[in-house]
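Encoded as structure tokens, the structure appears first; notes follow it.
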Amino acid sequence: MSSAIIVGGGIVGCAVALELAQAGVQVTLIERDCLGSGATAAGMGHIVVMDEGEAQLKLTLYGQQLWQALTATHPQRHEYHECGTLWVATDAEEWQVVAEKAVVYRQHQIACKILDAAALYAHEPALRAGLVGGLLVPNDSVVYPPKSAVYLWQQAETHAAKLVYGEVSSIQPNTVSLSDGRQLHADAIVVANGQRCIELLPELPIRAKRGQLVITERYPSLIKHQLVELSYIKNAHASSGDSVAFNLQPRPNGQLLIGSSRQFDRTDRQIDQQLLSMMLRKAIDYVPALADVRCLRTWTGVRAASPDGLPLIGQHPEHTWLWVNVGHEGLGITTALSSARLLADQMLQRPAALDLQPYLPRGLQQEQR
């Protein structure tokens, strides 16, 4: 394979472009808006190891390791901040989950520390009274995703990758057609444009999951770690209905990012005031001082969700020239680098660091194109 076209200039597409260009592939990246827009610009930028299954844990851990290597010399280019994650337990049942998570993390050599109530409040005194403890995962971090996407693309450009702006109207064998009539050709085509992938490949088992976030003015001393409720995973990966979960992130500049919410099959950008109120009430319940902060902006973003919560990374089962890297849901920043590496390993027939089977495209419906 000597040439590849990548559809989608978000952080996943830019990461794929860099992986292939570094390997000597002639890369063309197609973006309809601007690099790092879409879900990339709308997300929290949390680089977090998640343990909802072995395949998710390994992919997110691999992603975190690649991020640590990427940001080691120039963290400011990404606004990289190793704030850690503090999973907060509200009762005895969640305290048991803390112990179970710690066992899993330690089995995979992931640094973590169980905090009893006294230690929890020593780390985060702004949390409401009555919490029983938590689990601190110190190596989790945050980046500013649009800057990282642009950085990845700039590195790809040093290897002669080319950027084309345009709206992709269809894909055929080794050919991408744009809405203005242009046609581009390559040995391989990679679809990495998030939720919009179903417009080109309706057979993919991808659903839209819309979320809302709020950012505040600067309160640099309020919290130190990313704070997440232990029921976050259950809410984040619910298969139906609207849901909210407590997720509070300190940005390097002192601002606070408040999340999170989930709505299926919504792609509009209108703020849902009722869901937003639920989200903010939950955040204030965990950190009462949030009731007095000043919010600057609220926005929505649309994630691409797969039925089992794992991204689809690999060759389309019916087309040897077609590859996909989609379905990352809320973990697209964490897994951008690891999924790009695994996809490039397959395309270039290189040994891969992980077992590829759990991530291969699956659950495809009868092709409708």
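Each chain in the structure tokens gets a letter, A, B, ..., in the order shown, and its residues are numbered from 1; ligands are numbered from 1 in order too.
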
Those in stretch 102-268 of chain A with strand (DSSP E or B) from DSSP, as a PyMOL selection string
chain A and resi 113-116+133-137+141-142+162-165+168-172+175-178+183-185+188-191+207-218+226-229+243-250+255-264

Per DSSP on the backbone, filter stretch 203-255 of chain A down to the residues in helix (DSSP H, G or I) and report them as number ranges by chain.
A: 232-236

Selected residues written out, N, CA and C atoms, as a compact mmCIF listing (two decimals), in the first residue's frame:
# COMPACT_ATOMS: atom_id res chain seq x y z
N TYR A 232 -20.50 6.59 37.08
CA TYR A 232 -20.29 7.23 35.78
C TYR A 232 -20.33 6.22 34.64
N ILE A 233 -19.65 5.09 34.82
CA ILE A 233 -19.57 4.11 33.73
C ILE A 233 -20.95 3.59 33.38
N LYS A 234 -21.75 3.29 34.42
CA LYS A 234 -23.11 2.79 34.18
C LYS A 234 -23.91 3.82 33.40
N ASN A 235 -23.82 5.10 33.78
CA ASN A 235 -24.57 6.15 33.09
C ASN A 235 -24.02 6.41 31.69
N ALA A 236 -22.70 6.41 31.58
CA ALA A 236 -22.09 6.73 30.29
C ALA A 236 -22.39 5.69 29.23

Close residues, A:Leu322 itself excluded, 10 Å, only C-alpha atoms, min 3 positions apart in chain, as a list in words:
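Residues meeting the cut-off are Ala4, Ile5, Ile171, Gln172, Pro173, Asn174, Asp187, Ala188, Ile189, Val190, Val191, Gly314, Gln315, His316, Pro317, Glu318 and His319 of chain A.
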
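We find atom CA of A:Glu329 and atom CA of A:Leu230 to be spaced 18.4 Å apart.
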
Work out how far apart atom CA of A:Leu213 and atom CA of A:Pro75 are and give it in Å to one decimal.
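Straight-line distance from atom CA of A:Leu213 to atom CA of A:Pro75 works out to 24.2 Å.
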
Which of these, A:Gln226, A:Gln255, A:Gln212, A:Ser37, has the shortest distance to A:Pro146 once you count only C-alpha atoms?
A:Ser37

Neighbouring residues of stretch 7-23 of chain A were defined as those with any atom within 6 Å, considering only C-alpha atoms; residues of the same chain fewer than 4 positions away were excluded. Please report them as a list of chain:residue names.
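Returned residues: A:Val27, A:Ile30, A:Glu31, A:Leu35, A:Gly36, A:Thr40, A:Ala149, A:Leu152, A:Trp153, A:Ala156, A:His159, A:Val191, A:Ala192, A:Asn193, A:Ala336, A:Leu337, A:Ala340.
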
Of the candidates A:Ser260, A:Ser231, A:Gln154, A:Gln183, which one gets nearest to A:Glu94 if we count only C-alpha atoms?
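Ranked by minimum distance to A:Glu94, first place goes to A:Ser231.
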
Would you mind reading off the distance between atom CA of A:Val143 and atom CA of A:Asp51, one decimal, in Å?
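Calculated distance between atom CA of A:Val143 and atom CA of A:Asp51 is 20.6 Å.
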
Using only C-alpha atoms, which residues sit within 12 Å of A:Ile110 once same-chain residues fewer than 3 positions away are excluded, as a ChimeraX atom specification?
/A:48-51,57-58,60-62,64-65,101-107,113,136-140

Top pick for closest residue to A:Met347, considering A:Val324, A:Leu296, A:Val176, A:Ala304 and counting only C-alpha atoms
A:Val324

Pick the closest to A:Gln195 from A:Leu256, A:Ala39, A:Leu290, A:Ile313: which is it, counting only C-alpha atoms?
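Closest to A:Gln195, using only C-alpha atoms: A:Ala39.
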
Nearest-residue call for A:Ala126, choices A:Val142, A:Leu59, A:Ala291, A:Leu280, using only C-alpha atoms
A:Ala291

So, counting only C-alpha atoms, which residue among A:Ala186, A:Ala305, A:Ala161, A:Ala117 is closest to A:Val326?
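Smallest distance to A:Val326 is found for A:Ala305.
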